[in-house]
$ cat query-v3.cif   # mmCIF, C-alpha atoms and all ligand atoms
data_entry
#
loop_
_atom_site.label_atom_id
_atom_site.label_comp_id
_atom_site.auth_asym_id
_atom_site.auth_seq_id
_atom_site.Cartn_x
_atom_site.Cartn_y
_atom_site.Cartn_z
CA MET A 8 80.01 -59.34 77.46
CA ALA A 9 79.67 -55.70 78.35
CA ARG A 10 82.26 -53.97 80.46
CA ALA A 11 81.34 -50.86 82.37
CA ALA A 12 82.88 -48.25 80.07
CA GLN A 13 80.40 -45.97 78.33
CA ALA A 14 81.12 -43.73 75.36
CA ARG A 15 78.41 -41.12 74.99
CA ILE A 16 78.43 -39.73 71.47
CA ASP A 17 77.00 -36.24 71.02
CA LEU A 18 75.71 -36.06 67.44
CA ASP A 19 74.73 -32.39 67.82
CA ALA A 20 78.37 -31.63 68.61
CA LEU A 21 79.43 -33.65 65.55
CA ARG A 22 77.07 -31.70 63.33
CA HIS A 23 78.15 -28.40 64.87
CA ASN A 24 81.79 -29.28 64.12
CA CYS A 25 80.93 -30.23 60.54
CA ARG A 26 79.08 -26.96 59.95
CA HIS A 27 81.94 -25.06 61.53
CA ILE A 28 84.46 -26.69 59.18
CA ARG A 29 82.20 -25.78 56.26
CA SER A 30 82.27 -22.17 57.37
CA LEU A 31 86.08 -22.29 57.44
CA ALA A 32 86.26 -23.68 53.89
CA PRO A 33 83.09 -22.25 52.33
CA ASN A 34 84.13 -22.78 48.72
CA SER A 35 85.21 -26.39 49.03
CA ARG A 36 83.31 -29.61 49.17
CA LEU A 37 83.69 -31.64 52.34
CA LEU A 38 84.80 -35.26 52.46
CA ALA A 39 84.11 -36.38 56.03
CA MET A 40 86.72 -38.92 57.12
CA VAL A 41 85.00 -41.84 58.83
CA LYS A 42 87.74 -44.45 58.53
CA ALA A 43 88.66 -46.69 61.48
CA ASP A 44 85.06 -46.90 62.72
CA ALA A 45 84.75 -43.12 62.47
CA TYR A 46 87.80 -42.66 64.69
CA GLY A 47 86.22 -45.04 67.19
CA HIS A 48 82.90 -43.17 67.27
CA GLY A 49 80.92 -45.75 65.24
CA LEU A 50 80.97 -45.88 61.42
CA LEU A 51 77.25 -46.08 60.73
CA PRO A 52 75.72 -43.67 63.26
CA ILE A 53 78.38 -41.07 62.48
CA SER A 54 78.00 -41.49 58.72
CA ARG A 55 74.21 -41.24 58.95
CA ALA A 56 74.43 -38.12 61.10
CA LEU A 57 76.74 -36.47 58.55
CA ALA A 58 74.86 -37.59 55.44
CA ASP A 59 73.08 -34.27 54.82
CA LEU A 60 76.07 -32.09 55.79
CA ALA A 61 79.00 -33.71 53.98
CA ASP A 62 79.55 -34.12 50.22
CA GLY A 63 81.10 -37.53 50.69
CA LEU A 64 82.63 -39.93 53.17
CA GLY A 65 86.25 -41.06 53.33
CA VAL A 66 87.19 -44.57 54.43
CA ALA A 67 90.53 -46.38 54.52
CA CYS A 68 89.65 -49.64 52.80
CA VAL A 69 87.06 -51.29 50.57
CA PRO A 70 85.41 -53.31 53.39
CA GLU A 71 84.65 -50.07 55.24
CA GLY A 72 83.04 -48.67 52.10
CA LEU A 73 81.02 -51.85 51.61
CA ALA A 74 79.77 -51.66 55.20
CA LEU A 75 78.41 -48.19 54.43
CA ARG A 76 76.70 -49.37 51.24
CA ALA A 77 75.25 -52.43 53.03
CA ALA A 78 73.68 -50.04 55.53
CA GLY A 79 72.01 -48.19 52.68
CA ILE A 80 74.27 -45.16 52.61
CA ALA A 81 74.22 -43.62 49.15
CA GLY A 82 76.40 -40.79 47.94
CA ARG A 83 80.11 -40.52 47.36
CA ILE A 84 82.44 -42.80 49.31
CA VAL A 85 86.16 -42.49 48.69
CA VAL A 86 88.49 -45.38 49.62
CA MET A 87 91.83 -43.84 50.62
CA GLN A 88 93.90 -47.00 50.02
CA GLY A 89 91.91 -48.02 46.96
CA PHE A 90 91.61 -51.72 46.19
CA LYS A 91 94.22 -54.25 47.30
CA ASN A 92 93.21 -57.17 45.05
CA ASP A 93 90.85 -58.13 42.23
CA ASP A 94 87.97 -58.97 44.54
CA GLU A 95 88.14 -55.53 46.09
CA LEU A 96 88.27 -53.94 42.66
CA SER A 97 85.15 -55.86 41.62
CA ALA A 98 83.37 -54.88 44.83
CA ALA A 99 84.38 -51.23 44.55
CA SER A 100 83.13 -51.13 40.99
CA ALA A 101 79.88 -52.97 41.78
CA HIS A 102 79.10 -50.68 44.72
CA ALA A 103 80.20 -47.41 43.15
CA LEU A 104 83.03 -46.70 45.58
CA ASP A 105 85.55 -44.06 44.47
CA VAL A 106 89.06 -45.47 44.64
CA VAL A 107 92.38 -43.78 45.31
CA ILE A 108 95.08 -45.07 42.95
CA HIS A 109 98.57 -44.79 44.42
CA GLU A 110 100.50 -47.82 43.11
CA PRO A 111 101.45 -49.12 39.65
CA CYS A 112 100.08 -52.59 40.44
CA GLN A 113 96.61 -51.07 40.88
CA ILE A 114 96.85 -49.74 37.32
CA GLU A 115 97.91 -53.18 36.08
CA ARG A 116 94.85 -54.70 37.72
CA LEU A 117 92.63 -52.10 36.09
CA ALA A 118 94.27 -52.64 32.73
CA SER A 119 93.79 -56.41 32.88
CA ARG A 120 90.02 -55.94 33.27
CA THR A 121 88.21 -56.75 30.08
CA PHE A 122 84.74 -56.48 31.60
CA GLY A 123 82.86 -54.28 34.00
CA PRO A 124 80.85 -51.12 33.49
CA GLN A 125 82.48 -48.74 31.04
CA GLY A 126 83.73 -45.51 32.54
CA GLY A 127 82.06 -46.34 35.81
CA LEU A 128 84.95 -46.26 38.24
CA SER A 129 85.73 -42.88 39.83
CA VAL A 130 89.46 -42.55 40.45
CA TRP A 131 91.43 -40.17 42.65
CA LEU A 132 95.13 -40.11 41.88
CA LYS A 133 97.35 -39.82 44.94
CA ILE A 134 100.47 -37.70 44.57
CA ASP A 135 103.32 -38.11 47.03
CA THR A 136 104.48 -34.54 47.59
CA GLY A 137 106.74 -35.42 50.52
CA MET A 138 104.85 -37.50 53.05
CA HIS A 139 106.48 -40.62 51.54
CA ARG A 140 103.76 -43.03 52.54
CA ILE A 141 101.65 -43.76 49.47
CA GLY A 142 101.29 -42.01 46.13
CA PHE A 143 103.03 -41.49 42.82
CA ALA A 144 106.12 -39.34 42.67
CA PRO A 145 105.50 -35.98 41.00
CA HIS A 146 107.46 -36.93 37.87
CA GLU A 147 105.21 -40.00 37.35
CA VAL A 148 101.91 -38.13 37.48
CA ALA A 149 101.60 -37.03 33.85
CA ASN A 150 102.34 -40.55 32.65
CA VAL A 151 99.93 -42.17 35.10
CA THR A 152 97.22 -39.69 34.12
CA ALA A 153 97.68 -40.66 30.47
CA LEU A 154 97.59 -44.37 31.33
CA LEU A 155 94.38 -44.03 33.34
CA ALA A 156 92.74 -42.02 30.56
CA LYS A 157 93.11 -45.03 28.25
CA LEU A 158 91.38 -47.50 30.55
CA PRO A 159 87.75 -48.04 29.49
CA MET A 160 86.64 -48.89 33.00
CA VAL A 161 87.80 -45.58 34.49
CA ASP A 162 85.66 -42.44 34.63
CA PRO A 163 87.65 -39.89 32.60
CA ASN A 164 87.06 -37.21 35.26
CA LEU A 165 90.13 -37.90 37.38
CA ARG A 166 90.67 -36.20 40.71
CA TYR A 167 94.02 -35.44 42.35
CA LEU A 168 94.97 -35.50 46.01
CA THR A 169 97.93 -35.32 48.31
CA HIS A 170 98.42 -35.58 52.08
CA PHE A 171 100.48 -33.41 54.43
CA ALA A 172 103.17 -34.82 56.72
CA CYS A 173 103.59 -31.90 59.15
CA ALA A 174 100.40 -29.85 59.02
CA ASP A 175 99.98 -30.15 62.81
CA GLU A 176 102.99 -27.82 63.17
CA PRO A 177 101.70 -24.42 62.08
CA GLY A 178 104.29 -22.62 59.99
CA SER A 179 106.03 -25.84 58.96
CA ALA A 180 108.14 -25.30 55.84
CA MET A 181 107.31 -28.86 54.83
CA THR A 182 103.61 -28.06 54.31
CA ALA A 183 104.40 -25.02 52.16
CA GLN A 184 106.78 -27.15 50.07
CA GLN A 185 104.15 -29.86 49.65
CA ILE A 186 101.55 -27.33 48.50
CA GLY A 187 104.03 -25.88 46.00
CA CYS A 188 104.90 -29.33 44.72
CA PHE A 189 101.22 -30.27 44.32
CA VAL A 190 100.41 -27.05 42.45
CA ARG A 191 103.36 -27.51 40.06
CA THR A 192 102.63 -31.20 39.52
CA THR A 193 98.94 -30.71 38.72
CA GLN A 194 99.44 -27.61 36.57
CA GLY A 195 97.63 -28.08 33.29
CA LEU A 196 95.88 -31.27 34.41
CA VAL A 197 92.11 -31.27 34.34
CA GLY A 198 90.34 -32.49 37.47
CA GLU A 199 89.30 -31.60 40.99
CA ARG A 200 91.96 -31.27 43.67
CA SER A 201 92.21 -32.05 47.37
CA LEU A 202 95.04 -31.36 49.81
CA CYS A 203 93.84 -30.51 53.31
CA ASN A 204 93.27 -32.66 56.38
CA SER A 205 91.98 -30.87 59.51
CA ALA A 206 95.27 -29.14 60.29
CA GLY A 207 95.63 -27.96 56.70
CA ILE A 208 92.10 -26.56 56.73
CA LEU A 209 92.98 -24.39 59.73
CA THR A 210 96.38 -23.19 58.62
CA HIS A 211 96.40 -23.17 54.80
CA SER A 212 93.22 -21.63 53.41
CA GLU A 213 95.04 -21.06 50.12
CA ALA A 214 95.12 -24.86 49.71
CA HIS A 215 91.45 -25.62 50.41
CA ALA A 216 90.95 -26.33 46.67
CA ASP A 217 87.92 -28.36 45.54
CA TRP A 218 87.68 -30.80 48.43
CA VAL A 219 88.77 -30.65 52.08
CA ARG A 220 89.14 -33.89 54.06
CA PRO A 221 88.57 -33.24 57.76
CA GLY A 222 88.78 -36.06 60.27
CA ILE A 223 89.78 -35.23 63.83
CA MET A 224 88.08 -31.82 63.85
CA LEU A 225 84.73 -33.47 63.17
CA TYR A 226 85.18 -35.36 66.41
CA GLY A 227 85.98 -32.19 68.32
CA ALA A 228 89.68 -32.58 69.05
CA SER A 229 92.43 -30.23 67.94
CA PRO A 230 94.66 -31.09 65.00
CA LEU A 231 97.23 -28.49 66.03
CA ASN A 232 99.92 -28.91 68.66
CA ASP A 233 99.33 -26.55 71.57
CA THR A 234 95.98 -25.18 70.36
CA PRO A 235 92.99 -26.27 72.46
CA ALA A 236 89.98 -27.54 70.52
CA THR A 237 87.63 -25.15 72.34
CA SER A 238 89.62 -22.15 71.09
CA LEU A 239 89.03 -23.47 67.54
CA GLY A 240 85.25 -23.45 68.04
CA LEU A 241 84.99 -27.24 68.27
CA ARG A 242 82.84 -29.30 70.62
CA PRO A 243 83.90 -32.73 71.93
CA VAL A 244 81.81 -35.55 70.49
CA MET A 245 82.84 -38.53 72.64
CA SER A 246 82.55 -38.64 76.43
CA LEU A 247 84.25 -41.69 77.90
CA GLU A 248 82.90 -42.64 81.31
CA ALA A 249 83.10 -45.47 83.83
CA PRO A 250 81.83 -45.89 87.40
CA LEU A 251 83.68 -45.56 90.67
CA ILE A 252 83.77 -48.99 92.32
CA ALA A 253 85.63 -48.24 95.57
CA ILE A 254 86.74 -45.32 97.73
CA HIS A 255 89.63 -45.46 100.24
CA THR A 256 91.60 -43.05 102.33
CA TYR A 257 95.37 -43.67 102.44
CA GLN A 258 98.04 -42.18 104.62
CA ALA A 259 101.00 -40.02 103.65
CA GLY A 260 103.72 -42.37 102.37
CA ASP A 261 101.33 -45.14 101.24
CA SER A 262 101.95 -46.26 97.67
CA ILE A 263 99.23 -46.97 95.13
CA GLY A 264 99.03 -49.62 92.42
CA TYR A 265 101.54 -51.70 90.44
CA GLY A 266 105.16 -50.88 91.03
CA GLY A 267 104.24 -48.57 93.90
CA THR A 268 105.16 -45.69 91.62
CA TYR A 269 102.89 -43.20 93.35
CA ARG A 270 103.31 -42.33 97.03
CA CYS A 271 100.67 -40.25 98.76
CA PRO A 272 102.34 -36.98 99.79
CA VAL A 273 99.54 -36.34 102.31
CA PRO A 274 96.54 -38.38 103.43
CA LEU A 275 94.57 -38.99 100.24
CA ARG A 276 91.03 -39.99 99.27
CA VAL A 277 91.46 -42.37 96.37
CA GLY A 278 88.76 -43.65 94.05
CA ILE A 279 89.08 -46.88 92.07
CA VAL A 280 87.34 -46.77 88.70
CA ALA A 281 86.32 -49.64 86.39
CA MET A 282 88.46 -48.39 83.53
CA GLY A 283 91.85 -49.61 82.38
CA TYR A 284 94.00 -50.28 79.38
CA GLY A 285 91.76 -53.26 78.63
CA ASP A 286 89.14 -50.63 77.86
CA GLY A 287 91.52 -48.67 75.65
CA TYR A 288 92.50 -46.10 78.28
CA PRO A 289 96.22 -45.40 77.77
CA ARG A 290 98.46 -47.28 80.22
CA HIS A 291 101.03 -44.52 79.87
CA ALA A 292 98.74 -41.80 81.24
CA ALA A 293 100.96 -40.02 83.76
CA ASN A 294 100.20 -39.16 87.37
CA GLY A 295 98.08 -36.03 87.24
CA THR A 296 96.23 -36.84 84.02
CA PRO A 297 92.89 -35.07 84.41
CA VAL A 298 89.49 -36.73 84.92
CA ALA A 299 86.15 -35.35 86.09
CA ILE A 300 84.09 -36.78 88.96
CA ALA A 301 80.53 -35.53 88.75
CA GLY A 302 81.86 -32.50 86.91
CA GLN A 303 84.58 -31.79 89.50
CA PRO A 304 88.27 -32.08 88.62
CA GLY A 305 90.29 -35.11 89.71
CA SER A 306 93.41 -36.83 88.43
CA ILE A 307 95.03 -40.22 87.86
CA VAL A 308 97.40 -41.55 90.54
CA GLY A 309 99.65 -44.58 90.08
CA ARG A 310 99.84 -46.93 87.12
CA VAL A 311 96.79 -47.71 85.03
CA SER A 312 95.91 -51.43 85.35
CA MET A 313 94.06 -53.57 82.81
CA ASP A 314 90.60 -53.18 84.32
CA MET A 315 90.98 -50.47 86.93
CA LEU A 316 92.77 -47.28 87.73
CA ALA A 317 93.06 -44.98 90.74
CA ILE A 318 92.17 -41.32 90.97
CA ASP A 319 92.75 -38.62 93.54
CA LEU A 320 89.23 -37.63 94.63
CA GLY A 321 90.29 -34.57 96.61
CA SER A 322 87.25 -33.50 98.57
CA VAL A 323 84.71 -34.20 95.82
CA ASP A 324 81.43 -35.49 97.27
CA CYS A 325 80.97 -38.89 95.60
CA ARG A 326 80.22 -42.56 96.24
CA PRO A 327 80.73 -45.89 94.46
CA GLY A 328 78.51 -46.02 91.38
CA ASP A 329 79.13 -42.38 90.50
CA SER A 330 80.42 -41.77 87.03
CA VAL A 331 83.96 -40.61 86.21
CA THR A 332 84.65 -38.90 82.88
CA PHE A 333 87.99 -39.61 81.20
CA TRP A 334 87.54 -37.28 78.28
CA GLY A 335 84.73 -35.22 76.87
CA GLY A 336 82.84 -32.51 78.72
CA SER A 337 85.33 -30.50 80.76
CA VAL A 338 88.23 -32.92 80.14
CA ALA A 339 89.96 -32.25 76.82
CA ALA A 340 91.03 -35.44 75.04
CA ASP A 341 94.04 -33.50 73.78
CA LEU A 342 95.27 -32.93 77.36
CA VAL A 343 94.83 -36.60 78.23
CA ALA A 344 96.68 -37.55 75.05
CA ALA A 345 99.57 -35.22 75.88
CA GLN A 346 99.84 -36.77 79.36
CA ALA A 347 100.03 -40.21 77.76
CA GLN A 348 102.46 -39.14 75.01
CA THR A 349 100.01 -39.86 72.25
CA ILE A 350 97.33 -38.06 70.22
CA SER A 351 93.57 -37.84 70.63
CA TYR A 352 93.14 -39.93 67.46
CA GLU A 353 94.69 -42.96 69.16
CA LEU A 354 92.65 -42.51 72.34
CA PHE A 355 89.38 -42.44 70.39
CA CYS A 356 90.31 -45.40 68.17
CA ALA A 357 91.39 -47.48 71.16
CA ALA A 358 88.59 -46.78 73.63
CA GLY A 359 85.55 -45.96 71.47
CA PRO A 360 84.99 -49.41 69.94
CA LYS A 361 85.48 -51.18 73.30
CA ALA A 362 83.00 -49.06 75.21
CA HIS A 363 79.25 -49.32 75.12
CA ARG A 364 78.44 -46.48 72.75
CA SER A 365 75.23 -44.52 73.02
CA TYR A 366 74.09 -41.74 70.73
CA SER A 367 72.21 -38.54 71.43
CA THR A 368 69.38 -37.60 69.15
CA TYR A 369 69.89 -34.45 67.13
CA ALA A 370 67.86 -31.74 65.57
CA ALA A 371 68.33 -31.60 61.80
C1 LIG B 401 92.75 -39.61 57.90
C2 LIG B 401 92.96 -38.76 56.71
C3 LIG B 401 92.53 -37.44 56.69
C4 LIG B 401 91.95 -36.74 57.90
O1 LIG B 401 93.01 -36.35 58.77
P1 LIG B 401 92.70 -35.52 60.11
O2 LIG B 401 94.04 -35.17 60.62
O3 LIG B 401 91.99 -36.47 61.03
O4 LIG B 401 91.86 -34.37 59.72
C5 LIG B 401 92.65 -36.74 55.51
N1 LIG B 401 93.20 -37.31 54.41
C6 LIG B 401 93.64 -38.58 54.40
C7 LIG B 401 94.24 -39.15 53.17
C8 LIG B 401 93.55 -39.34 55.54
O5 LIG B 401 94.01 -40.59 55.54
#
$ encode --input "query-v3.cif" --output "structure tokens" --more "lines below"
Ligand SMILES: *Cc1c(COP(=O)(O)O)cnc(C)c1O
Amino acid sequence: MARAAQARIDLDALRHNCRHIRSLAPNSRLLAMVKADAYGHGLLPISRALADLADGLGVACVPEGLALRAAGIAGRIVVMQGFKNDDELSAASAHALDVVIHEPCQIERLASRTFGPQGGLSVWLKIDTGMHRIGFAPHEVANVTALLAKLPMVDPNLRYLTHFACADEPGSAMTAQQIGCFVRTTQGLVGERSLCNSAGILTHSEAHADWVRPGIMLYGASPLNDTPATSLGLRPVMSLEAPLIAIHTYQAGDSIGYGGTYRCPVPLRVGIVAMGYGDGYPRHAANGTPVAIAGQPGSIVGRVSMDMLAIDLGSVDCRPGDSVTFWGGSVAADLVAAQAQTISYELFCAAGPKAHRSYSTYAA
């Protein structure tokens, strides 16, 4: 059952962004983060379009990695949460997925394995340098490294990674502390290193190390508070669109939508669009959140409903059936996110998978 929302995915923009990130971190390999359905852009088409530009793909969980393998995607795939049970460990091993190890119980599972290919499992050891989500504490790392080295199933070439908590705030003391902690903790250990998400790539070139792990920048949104994506040389990948279904003119003082929270200050031409929170558009988008009607600026008025919302059409020449753009093109997802008190990541993840997605062709 198709709703009217369309997400147009510009694979040339994706590839431009990937090449741009490479130019920012020219001495590092690039692990393209495609978890959560490629941030709502579509796991397989995005992964295929990045195959020749990235050195590997990053997913959250084993099933995402298996979906890539089932689609015939070869090459390195790193599972950020590693395996959660024995079945996932078996599947990761059988399908050559790299696993992140962050928890003692994962090591116990590995140790209790008496079968499986010898030295076949590539392991990345996650170090908690201050994010306090997953990972081993710095003082545990030497011991865990020694334990992993004894396990016959594990490839002896360990890799080390950490994740930043506050990299979206340029100049954050937290990020500098985390980098320092990671450097001290991994001193003397042999193995490739990875620290940077998108924000880290932009603000901490000294921490690019062996692998960078960009996500949101690939999709053309900004990882930094208050820095527009266009000023970072990025191009939006997703355009979210839906058609106008009605046009009305209301009088000064008329209220619009649930709760009557918006009152027309002057006579207003209002368009109703087949887009709502049921399509993943944020219900909390404030009055004034930007949209584009046939390339001309417009804005949200009143509360977003489940299947519809209202926009101020101004004097834009338009009729029912015309397409309204909610982000992408001239409407920055970051601005929409700010108006809805969220981040572009959440917008993409919410709306992308619900829309009908279509993909541009691209020139290799
Ligand atoms: C999602 C994720 C990234 C990418 O983060 P962005 O902010 O989207 O660049 C990098 N590393 C890890 C471990 C992640 O989970």
$ residues_around --input "query-v3.cif" --residues "Gly127 (chain A)" --least-positions-apart "2" --cutoff "10 Å" --atoms "only C-alpha atoms" --output "NGL selection string"
:A and (100-101 or 103-105 or 123-125 or 129-130 or 159-163)
$ write_last_selection --input "query-v3.cif" --atoms "C-alpha atoms" --output "PDB file, keeping the file's coordinate frame"
ATOM      1  CA  SER A 100      83.130 -51.130  40.990  1.00  0.00           C
ATOM      2  CA  ALA A 101      79.880 -52.970  41.780  1.00  0.00           C
ATOM      3  CA  ALA A 103      80.200 -47.410  43.150  1.00  0.00           C
ATOM      4  CA  LEU A 104      83.030 -46.700  45.580  1.00  0.00           C
ATOM      5  CA  ASP A 105      85.550 -44.060  44.470  1.00  0.00           C
ATOM      6  CA  GLY A 123      82.860 -54.280  34.000  1.00  0.00           C
ATOM      7  CA  PRO A 124      80.850 -51.120  33.490  1.00  0.00           C
ATOM      8  CA  GLN A 125      82.480 -48.740  31.040  1.00  0.00           C
ATOM      9  CA  SER A 129      85.730 -42.880  39.830  1.00  0.00           C
ATOM     10  CA  VAL A 130      89.460 -42.550  40.450  1.00  0.00           C
ATOM     11  CA  PRO A 159      87.750 -48.040  29.490  1.00  0.00           C
ATOM     12  CA  MET A 160      86.640 -48.890  33.000  1.00  0.00           C
ATOM     13  CA  VAL A 161      87.800 -45.580  34.490  1.00  0.00           C
ATOM     14  CA  ASP A 162      85.660 -42.440  34.630  1.00  0.00           C
ATOM     15  CA  PRO A 163      87.650 -39.890  32.600  1.00  0.00           C
TER      16      PRO A 163
END
$ residues_near_ligand --input "query-v3.cif" --ligand "ligand LIG 401 (chain B)" --cutoff "10 Å" --atoms "all atoms listed in the file" --output "count of residues only"
47
$ atom_distance --input "query-v3.cif" --atom1 "CA of Leu316 (chain A)" --atom2 "CA of Ala292 (chain A)"
10.4 Å
$ atom_distance --input "query-v3.cif" --atom1 "CA of Arg364 (chain A)" --atom2 "CA of Ala12 (chain A)"
8.7 Å
$ residues_around --input "query-v3.cif" --residues "Val338 (chain A)" --least-positions-apart "5" --cutoff "10 Å" --atoms "all atoms listed in the file" --output "PDB file with C-alpha atoms, in the coordinates of the input"
ATOM      1  CA  PRO A 243      83.900 -32.730  71.930  1.00  0.00           C
ATOM      2  CA  SER A 246      82.550 -38.640  76.430  1.00  0.00           C
ATOM      3  CA  LEU A 247      84.250 -41.690  77.900  1.00  0.00           C
ATOM      4  CA  THR A 296      96.230 -36.840  84.020  1.00  0.00           C
ATOM      5  CA  PRO A 297      92.890 -35.070  84.410  1.00  0.00           C
ATOM      6  CA  VAL A 298      89.490 -36.730  84.920  1.00  0.00           C
ATOM      7  CA  ALA A 299      86.150 -35.350  86.090  1.00  0.00           C
ATOM      8  CA  GLY A 302      81.860 -32.500  86.910  1.00  0.00           C
ATOM      9  CA  PRO A 304      88.270 -32.080  88.620  1.00  0.00           C
ATOM     10  CA  THR A 332      84.650 -38.900  82.880  1.00  0.00           C
ATOM     11  CA  PHE A 333      87.990 -39.610  81.200  1.00  0.00           C
ATOM     12  CA  VAL A 343      94.830 -36.600  78.230  1.00  0.00           C
TER      13      VAL A 343
END
$ closest_residue --input "query-v3.cif" --among "A:Leu31, A:Thr234, A:Gln185, A:Ala358" --to "Asp44 (chain A)" --atoms "all atoms listed in the file"
A:Ala358
$ atom_distance --input "query-v3.cif" --atom1 "CA of Pro70 (chain A)" --atom2 "CA of Gly89 (chain A)"
10.6 Å
$ residues_around --input "query-v3.cif" --residues "Ser30 (chain A)" --least-positions-apart "4" --cutoff "12 Å" --atoms "all atoms listed in the file" --output "CSV table (one decimal) with C-alpha atoms, in the frame of the given file"
chain,number,residue,atom,x,y,z
A,23,HIS,CA,78.2,-28.4,64.9
A,24,ASN,CA,81.8,-29.3,64.1
A,25,CYS,CA,80.9,-30.2,60.5
A,26,ARG,CA,79.1,-27.0,60.0
A,34,ASN,CA,84.1,-22.8,48.7
A,35,SER,CA,85.2,-26.4,49.0
A,36,ARG,CA,83.3,-29.6,49.2
A,37,LEU,CA,83.7,-31.6,52.3
A,60,LEU,CA,76.1,-32.1,55.8
A,208,ILE,CA,92.1,-26.6,56.7
A,209,LEU,CA,93.0,-24.4,59.7
A,212,SER,CA,93.2,-21.6,53.4
A,219,VAL,CA,88.8,-30.6,52.1
A,240,GLY,CA,85.2,-23.4,68.0
$ residues_around --input "query-v3.cif" --residues "region 112-115 of chain A" --least-positions-apart "2" --cutoff "8 Å" --atoms "all atoms listed in the file" --output "list in words"
Phe90, Lys91, Ile108, His109, Glu110, Leu117, Ala118, Ser119 and Leu155 of chain A
$ residues_near_point --input "query-v3.cif" --point "(86.5, -35.2, 87.2)" --cutoff "12 Å" --atoms "all atoms listed in the file" --output "JSON, numbers by chain"
{"A": [246, 247, 248, 249, 250, 251, 278, 280, 295, 296, 297, 298, 299, 300, 301, 302, 303, 304, 305, 306, 307, 318, 319, 320, 321, 322, 323, 324, 325, 329, 330, 331, 332, 333, 334, 335, 336, 337, 338, 339]}
$ closest_residue --input "query-v3.cif" --among "A:Met245, A:Leu165, A:Val148, A:Ala78" --to "His363 (chain A)" --atoms "all atoms listed in the file"
A:Met245
$ residues_around --input "query-v3.cif" --residues "Arg116 (chain A)" --least-positions-apart "6" --cutoff "9 Å" --atoms "all atoms listed in the file" --output "list in words"
Asn92, Asp93 and Leu96 of chain A
$ closest_residue --input "query-v3.cif" --among "A:Ile28, A:Ala156, A:Leu132, A:Cys173" --to "Leu239 (chain A)" --atoms "all atoms listed in the file"
A:Ile28
$ decode --input "query-v3.cif" --residues "region 114-118 of chain A" --atoms "all heavy atoms" --output "PDB file, in the first residue's frame"
ATOM      1  N   ILE A 114      33.453 -12.383  24.634  1.00  0.00           N
ATOM      2  CA  ILE A 114      34.716 -13.126  24.685  1.00  0.00           C
ATOM      3  C   ILE A 114      34.462 -14.534  25.203  1.00  0.00           C
ATOM      4  O   ILE A 114      35.033 -15.509  24.706  1.00  0.00           O
ATOM      5  CB  ILE A 114      35.755 -12.376  25.548  1.00  0.00           C
ATOM      6  CG1 ILE A 114      35.992 -10.991  24.927  1.00  0.00           C
ATOM      7  CG2 ILE A 114      37.061 -13.162  25.636  1.00  0.00           C
ATOM      8  CD1 ILE A 114      36.968 -10.139  25.671  1.00  0.00           C
ATOM      9  N   GLU A 115      33.568 -14.647  26.193  1.00  0.00           N
ATOM     10  CA  GLU A 115      33.210 -15.992  26.696  1.00  0.00           C
ATOM     11  C   GLU A 115      32.617 -16.845  25.579  1.00  0.00           C
ATOM     12  O   GLU A 115      32.946 -18.024  25.447  1.00  0.00           O
ATOM     13  CB  GLU A 115      32.209 -15.882  27.846  1.00  0.00           C
ATOM     14  CG  GLU A 115      32.854 -15.435  29.149  1.00  0.00           C
ATOM     15  CD  GLU A 115      31.819 -14.946  30.158  1.00  0.00           C
ATOM     16  OE1 GLU A 115      30.668 -15.437  30.128  1.00  0.00           O
ATOM     17  OE2 GLU A 115      32.170 -14.047  30.945  1.00  0.00           O
ATOM     18  N   ARG A 116      31.743 -16.252  24.794  1.00  0.00           N
ATOM     19  CA  ARG A 116      31.166 -17.017  23.668  1.00  0.00           C
ATOM     20  C   ARG A 116      32.242 -17.482  22.705  1.00  0.00           C
ATOM     21  O   ARG A 116      32.229 -18.620  22.241  1.00  0.00           O
ATOM     22  CB  ARG A 116      30.187 -16.146  22.886  1.00  0.00           C
ATOM     23  CG  ARG A 116      28.804 -16.120  23.450  1.00  0.00           C
ATOM     24  CD  ARG A 116      27.835 -15.392  22.532  1.00  0.00           C
ATOM     25  NE  ARG A 116      26.771 -14.811  23.332  1.00  0.00           N
ATOM     26  CZ  ARG A 116      25.819 -15.512  23.928  1.00  0.00           C
ATOM     27  NH1 ARG A 116      25.777 -16.815  23.788  1.00  0.00           N
ATOM     28  NH2 ARG A 116      24.904 -14.906  24.664  1.00  0.00           N
ATOM     29  N   LEU A 117      33.178 -16.569  22.416  1.00  0.00           N
ATOM     30  CA  LEU A 117      34.272 -16.938  21.501  1.00  0.00           C
ATOM     31  C   LEU A 117      35.108 -18.053  22.102  1.00  0.00           C
ATOM     32  O   LEU A 117      35.499 -18.993  21.404  1.00  0.00           O
ATOM     33  CB  LEU A 117      35.165 -15.721  21.246  1.00  0.00           C
ATOM     34  CG  LEU A 117      34.676 -14.695  20.231  1.00  0.00           C
ATOM     35  CD1 LEU A 117      35.574 -13.453  20.277  1.00  0.00           C
ATOM     36  CD2 LEU A 117      34.689 -15.288  18.834  1.00  0.00           C
ATOM     37  N   ALA A 118      35.363 -17.949  23.395  1.00  0.00           N
ATOM     38  CA  ALA A 118      36.243 -18.917  24.048  1.00  0.00           C
ATOM     39  C   ALA A 118      35.603 -20.292  24.117  1.00  0.00           C
ATOM     40  O   ALA A 118      36.299 -21.307  24.103  1.00  0.00           O
ATOM     41  CB  ALA A 118      36.593 -18.418  25.453  1.00  0.00           C
TER      42      ALA A 118
END
